[in-house]
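> Supplied structure: my_file-v3.cif, mmCIF, C-alpha atoms.
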```
data_upload
loop_
_atom_site.group_PDB
_atom_site.id
_atom_site.type_symbol
_atom_site.label_atom_id
_atom_site.label_comp_id
_atom_site.auth_asym_id
_atom_site.auth_seq_id
_atom_site.Cartn_x
_atom_site.Cartn_y
_atom_site.Cartn_z
ATOM 1 C CA MET A 44 86.063 -75.891 -2.584
ATOM 2 C CA THR A 45 85.966 -79.678 -2.136
ATOM 3 C CA PRO A 46 84.486 -81.513 -5.145
ATOM 4 C CA ALA A 47 81.092 -83.151 -4.686
ATOM 5 C CA ILE A 48 81.084 -86.830 -3.787
ATOM 6 C CA GLU A 49 78.855 -89.000 -5.948
ATOM 7 C CA PRO A 50 77.293 -91.661 -3.691
ATOM 8 C CA ASP A 51 76.819 -94.248 -6.463
ATOM 9 C CA SER A 52 80.410 -94.017 -7.642
ATOM 10 C CA SER A 53 81.543 -94.179 -4.015
ATOM 11 C CA VAL A 54 79.564 -97.386 -3.522
ATOM 12 C CA ASP A 55 81.084 -98.859 -6.668
ATOM 13 C CA GLU A 56 84.571 -97.893 -5.546
ATOM 14 C CA LEU A 57 84.127 -99.342 -2.077
ATOM 15 C CA TYR A 58 82.751 -102.705 -3.194
ATOM 16 C CA ALA A 59 85.485 -103.091 -5.822
ATOM 17 C CA HIS A 60 88.277 -103.117 -3.225
ATOM 18 C CA PRO A 61 89.212 -105.866 -0.754
ATOM 19 C CA PRO A 62 87.230 -105.908 2.493
ATOM 20 C CA ALA A 63 90.309 -105.000 4.548
ATOM 21 C CA GLU A 64 90.418 -101.590 2.835
ATOM 22 C CA PHE A 65 86.690 -100.932 3.089
ATOM 23 C CA ILE A 66 86.256 -99.177 6.457
ATOM 24 C CA GLY A 67 89.149 -96.751 6.041
ATOM 25 C CA ARG A 68 88.139 -95.772 2.509
ATOM 26 C CA ARG A 69 84.430 -95.550 3.436
ATOM 27 C CA ASP A 70 85.281 -93.141 6.248
ATOM 28 C CA GLU A 71 87.449 -91.027 3.912
ATOM 29 C CA LEU A 72 84.623 -90.783 1.368
ATOM 30 C CA ALA A 73 82.060 -89.925 4.045
ATOM 31 C CA THR A 74 84.353 -87.221 5.427
ATOM 32 C CA ALA A 75 84.863 -85.796 1.932
ATOM 33 C CA ALA A 76 81.104 -85.737 1.310
ATOM 34 C CA ARG A 77 80.550 -83.969 4.618
ATOM 35 C CA ALA A 78 83.304 -81.452 3.775
ATOM 36 C CA ALA A 79 81.594 -80.815 0.435
ATOM 37 C CA GLY A 80 78.418 -79.947 2.328
ATOM 38 C CA ASP A 81 76.493 -83.083 1.425
ATOM 39 C CA SER A 82 75.579 -84.567 4.782
ATOM 40 C CA ALA A 83 72.939 -86.831 3.216
ATOM 41 C CA ALA A 84 75.544 -88.462 0.937
ATOM 42 C CA ALA A 85 77.937 -88.716 3.880
ATOM 43 C CA ALA A 86 75.295 -90.551 5.896
ATOM 44 C CA ARG A 87 74.495 -92.940 3.012
ATOM 45 C CA ILE A 88 78.182 -93.696 2.507
ATOM 46 C CA LYS A 89 78.830 -94.144 6.235
ATOM 47 C CA ALA A 90 75.924 -96.628 6.453
ATOM 48 C CA LEU A 91 77.499 -98.999 3.921
ATOM 49 C CA ARG A 92 78.598 -102.338 5.331
ATOM 50 C CA ARG A 93 81.938 -103.976 4.652
ATOM 51 C CA PRO A 94 81.410 -107.037 2.441
ATOM 52 C CA SER A 95 82.047 -110.492 3.777
ATOM 53 C CA VAL A 96 84.824 -112.402 2.028
ATOM 54 C CA GLY A 97 82.406 -114.453 -0.086
ATOM 55 C CA ALA A 98 80.411 -111.359 -1.034
ATOM 56 C CA TRP A 99 83.637 -109.655 -2.107
ATOM 57 C CA TYR A 100 84.598 -112.686 -4.221
ATOM 58 C CA LEU A 101 81.294 -112.387 -6.062
ATOM 59 C CA ASN A 102 81.615 -108.603 -6.398
ATOM 60 C CA VAL A 103 84.976 -109.171 -8.101
ATOM 61 C CA ALA A 104 83.439 -111.767 -10.422
ATOM 62 C CA ALA A 105 80.540 -109.491 -11.339
ATOM 63 C CA ARG A 106 82.701 -106.424 -11.906
ATOM 64 C CA ASP A 107 85.215 -108.394 -13.984
ATOM 65 C CA GLY A 108 82.443 -109.953 -16.102
ATOM 66 C CA LEU A 109 83.044 -113.619 -15.259
ATOM 67 C CA THR A 110 81.294 -115.451 -18.111
ATOM 68 C CA SER A 111 80.013 -118.384 -16.057
ATOM 69 C CA LEU A 112 78.507 -115.966 -13.528
ATOM 70 C CA ARG A 113 76.613 -114.153 -16.290
ATOM 71 C CA GLU A 114 75.353 -117.548 -17.498
ATOM 72 C CA LEU A 115 74.187 -118.417 -13.985
ATOM 73 C CA LEU A 116 72.313 -115.119 -13.682
ATOM 74 C CA ARG A 117 70.587 -115.819 -17.033
ATOM 75 C CA LEU A 118 69.676 -119.300 -15.806
ATOM 76 C CA GLY A 119 68.172 -117.789 -12.657
ATOM 77 C CA SER A 120 66.014 -115.474 -14.729
ATOM 78 C CA GLN A 121 64.858 -118.381 -16.889
ATOM 79 C CA LEU A 122 64.092 -120.512 -13.821
ATOM 80 C CA ARG A 123 62.030 -117.727 -12.239
ATOM 81 C CA GLN A 124 60.123 -117.177 -15.495
ATOM 82 C CA ALA A 125 59.386 -120.889 -15.873
ATOM 83 C CA GLN A 126 58.231 -121.097 -12.268
ATOM 84 C CA ALA A 127 55.980 -118.033 -12.627
ATOM 85 C CA ALA A 128 54.453 -119.545 -15.765
ATOM 86 C CA ALA A 129 54.031 -122.929 -14.057
ATOM 87 C CA ASP A 130 56.001 -124.427 -16.966
ATOM 88 C CA PHE A 131 57.157 -127.500 -15.081
ATOM 89 C CA GLY A 132 58.752 -129.202 -18.088
ATOM 90 C CA THR A 133 61.022 -126.232 -18.721
ATOM 91 C CA LEU A 134 61.638 -125.882 -14.998
ATOM 92 C CA ARG A 135 62.819 -129.511 -14.751
ATOM 93 C CA GLU A 136 65.037 -129.097 -17.814
ATOM 94 C CA LEU A 137 66.608 -125.884 -16.513
ATOM 95 C CA ALA A 138 67.037 -127.289 -12.995
ATOM 96 C CA THR A 139 69.431 -129.939 -14.335
ATOM 97 C CA GLN A 140 71.804 -127.128 -15.366
ATOM 98 C CA ARG A 141 71.908 -125.538 -11.932
ATOM 99 C CA GLY A 142 74.369 -127.798 -10.078
ATOM 100 C CA PRO A 143 76.956 -128.065 -12.858
ATOM 101 C CA LEU A 144 76.796 -124.322 -13.531
ATOM 102 C CA VAL A 145 77.258 -123.415 -9.841
ATOM 103 C CA GLY A 146 80.278 -125.726 -9.789
ATOM 104 C CA ARG A 147 81.701 -124.042 -12.883
ATOM 105 C CA VAL A 148 81.222 -120.570 -11.416
ATOM 106 C CA VAL A 149 83.065 -121.616 -8.247
ATOM 107 C CA ARG A 150 85.951 -123.131 -10.263
ATOM 108 C CA ASP A 151 86.153 -120.125 -12.596
ATOM 109 C CA LEU A 152 85.972 -117.707 -9.680
ATOM 110 C CA THR A 153 88.708 -119.542 -7.781
ATOM 111 C CA ALA A 154 90.971 -119.407 -10.848
ATOM 112 C CA HIS A 155 90.121 -115.742 -11.476
ATOM 113 C CA LEU A 156 90.925 -114.780 -7.906
ATOM 114 C CA ALA A 157 94.216 -116.687 -8.110
ATOM 115 C CA GLN A 158 95.131 -114.694 -11.233
ATOM 116 C CA ARG A 159 94.496 -111.538 -9.199
ATOM 117 C CA GLY A 160 96.742 -112.829 -6.411
ATOM 118 C CA THR A 161 93.986 -113.882 -3.998
ATOM 119 C CA ARG A 162 93.658 -117.405 -2.672
ATOM 120 C CA ALA A 163 89.997 -118.317 -2.140
ATOM 121 C CA THR A 164 89.141 -119.687 1.285
ATOM 122 C CA ALA A 165 86.798 -122.598 1.950
ATOM 123 C CA ALA A 166 84.543 -120.406 4.106
ATOM 124 C CA GLY A 167 84.410 -117.717 1.425
ATOM 125 C CA LEU A 168 83.513 -120.296 -1.231
ATOM 126 C CA ASP A 169 80.753 -121.677 1.016
ATOM 127 C CA GLU A 170 79.314 -118.146 1.115
ATOM 128 C CA VAL A 171 79.629 -117.983 -2.667
ATOM 129 C CA ARG A 172 77.677 -121.234 -3.150
ATOM 130 C CA ALA A 173 74.917 -120.122 -0.777
ATOM 131 C CA THR A 174 74.629 -116.726 -2.446
ATOM 132 C CA LEU A 175 74.566 -118.235 -5.929
ATOM 133 C CA ALA A 176 71.695 -120.524 -4.886
ATOM 134 C CA SER A 177 69.867 -117.503 -3.508
ATOM 135 C CA ALA A 178 70.519 -115.452 -6.664
ATOM 136 C CA LEU A 179 68.960 -118.209 -8.763
ATOM 137 C CA ALA A 180 65.686 -117.838 -6.877
ATOM 138 C CA ASP A 181 65.612 -114.246 -5.644
ATOM 139 C CA PRO A 182 65.717 -111.410 -8.197
ATOM 140 C CA GLY A 183 66.768 -108.917 -5.512
ATOM 141 C CA VAL A 184 69.888 -110.932 -4.709
ATOM 142 C CA ALA A 185 70.511 -111.390 -8.437
ATOM 143 C CA ASP A 186 70.361 -107.597 -8.879
ATOM 144 C CA GLN A 187 72.845 -106.994 -6.057
ATOM 145 C CA LEU A 188 75.129 -109.611 -7.560
ATOM 146 C CA THR A 189 74.841 -108.145 -11.052
ATOM 147 C CA THR A 190 75.906 -104.712 -9.810
ATOM 148 C CA GLY A 191 78.743 -106.104 -7.691
ATOM 149 C CA ARG A 192 77.358 -104.544 -4.517
ATOM 150 C CA LEU A 193 76.900 -107.512 -2.216
ATOM 151 C CA ASP A 194 77.800 -106.926 1.404
ATOM 152 C CA ARG A 195 77.022 -110.350 2.834
ATOM 153 C CA ALA A 196 76.249 -113.925 1.930
ATOM 154 C CA HIS A 197 72.608 -114.718 1.204
ATOM 155 C CA ARG A 198 70.815 -117.949 1.991
ATOM 156 C CA TYR A 199 67.703 -119.143 0.240
#
```
Would you mind writing the structure in this file as structure tokens?


Amino acid sequence: MTPAIEPDSSVDELYAHPPAEFIGRRDELATAARAAGDSAAAARIKALRRPSVGAWYLNVAARDGLTSLRELLRLGSQLRQAQAAADFGTLRELATQRGPLVGRVVRDLTAHLAQRGTRATAAGLDEVRATLASALADPGVADQLTTGRLDRAHRY
């Protein structure tokens, strides 16, 4: 009997690998789920989208625990809390950290990818910057980024 396929672990596995490997591995996992008799899991797996290059860069950063990315996600949470509380003094103070921190994440990510043997592209880094700006404002994007399950760039 074929072992059961766990959809969540399949998602994690797929988004951890380079985009070029995504479709082939996704289809293998969906076929295995179907063979195990779990057509619902097969359908969920088959529906997953291959990540864009920038989304994959950020998935790598999230999964590898890039410190500056964690700091940016904390800043986003603080910004959203200050905005919800209409605490404009704190909001102004926190907003001054945004630009330098985004720049640091991009530099750290570029270096991290290089250590892994991947050269970051300008287009991919543009996606990264846009998605980071979106994650600062949108908790849903921040959650996707935290779990390393982005499939596309986000724009705010």

> Compile a residue-level contact table for stretch 138-198 of chain A against stretch 54-65 of chain A at a cut-off of 8 Å, reporting for every qualifying residue the shortest atom pair and its distance in Å to one decimal, with only C-alpha atoms counted, rows ordered by chain and ascending number, as a tab-separated table.


```
residue	atom	partner	partner_atom	distance
A:Gly191	CA	A:Tyr58	CA	6.9
A:Arg192	CA	A:Tyr58	CA	5.8
A:Leu193	CA	A:Tyr58	CA	7.6
A:Asp194	CA	A:Tyr58	CA	8.0
```

> When you draw a straight line from atom CA of A:Ala78 to atom CA of A:Ser53, how long is it in Å?

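If I compute the distance from atom CA of A:Ala78 to atom CA of A:Ser53, I get 15.0 Å.
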
> So that I can check the surroundings of stretch 66-72 of chain A, please list as a PyMOL selection string every protein, DNA and RNA residue that reaches within 7 Å of it, counting only C-alpha atoms and ignoring chain neighbours fewer than 3 positions away.

chain A and resi 57+75-76+88-89+93

> Return the single residue from A:Ala79, A:Ala85, A:Asp181, A:Leu109 that is closest to A:Thr153, with distances computed using all atoms listed in the file.

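Going through A:Ala79, A:Ala85, A:Asp181, A:Leu109 one by one, the smallest distance to A:Thr153 is for A:Leu109.
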
> Run through the PyMOL selection byres ((chain A and resi 155) around 12) on the given coordinates and return the selected residues as a list in words.

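For this structure, the PyMOL selection byres ((chain A and resi 155) around 12) resolves to Tyr100, Leu101, Val103, Ala104, Ala105, Arg106, Asp107, Gly108, Leu109, Thr110, Ser111, Leu112, Arg147, Val148, Val149, Arg150, Asp151, Leu152, Thr153, Ala154, Leu156, Ala157, Gln158, Arg159, Gly160, Thr161, Arg162 and Ala163 of chain A.
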
> How far is it from atom CA of A:Glu114 to atom CA of A:Arg135, in Å with one decimal?

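Result for atom CA of A:Glu114 versus atom CA of A:Arg135: 17.5 Å, one decimal.
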
> So which one's closest to A:Gln126, A:Leu188, A:Leu91, A:Ala138, A:Ala86? Using all atoms listed in the file, please.

A:Ala138

> Would you mind telling me which residue in A:Gly167, A:Gly146, A:Gly80, A:Gly183 lies nearest to A:Leu115 when using all atoms listed in the file?

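Residue with the minimum atom-to-atom distance to A:Leu115: A:Gly146.
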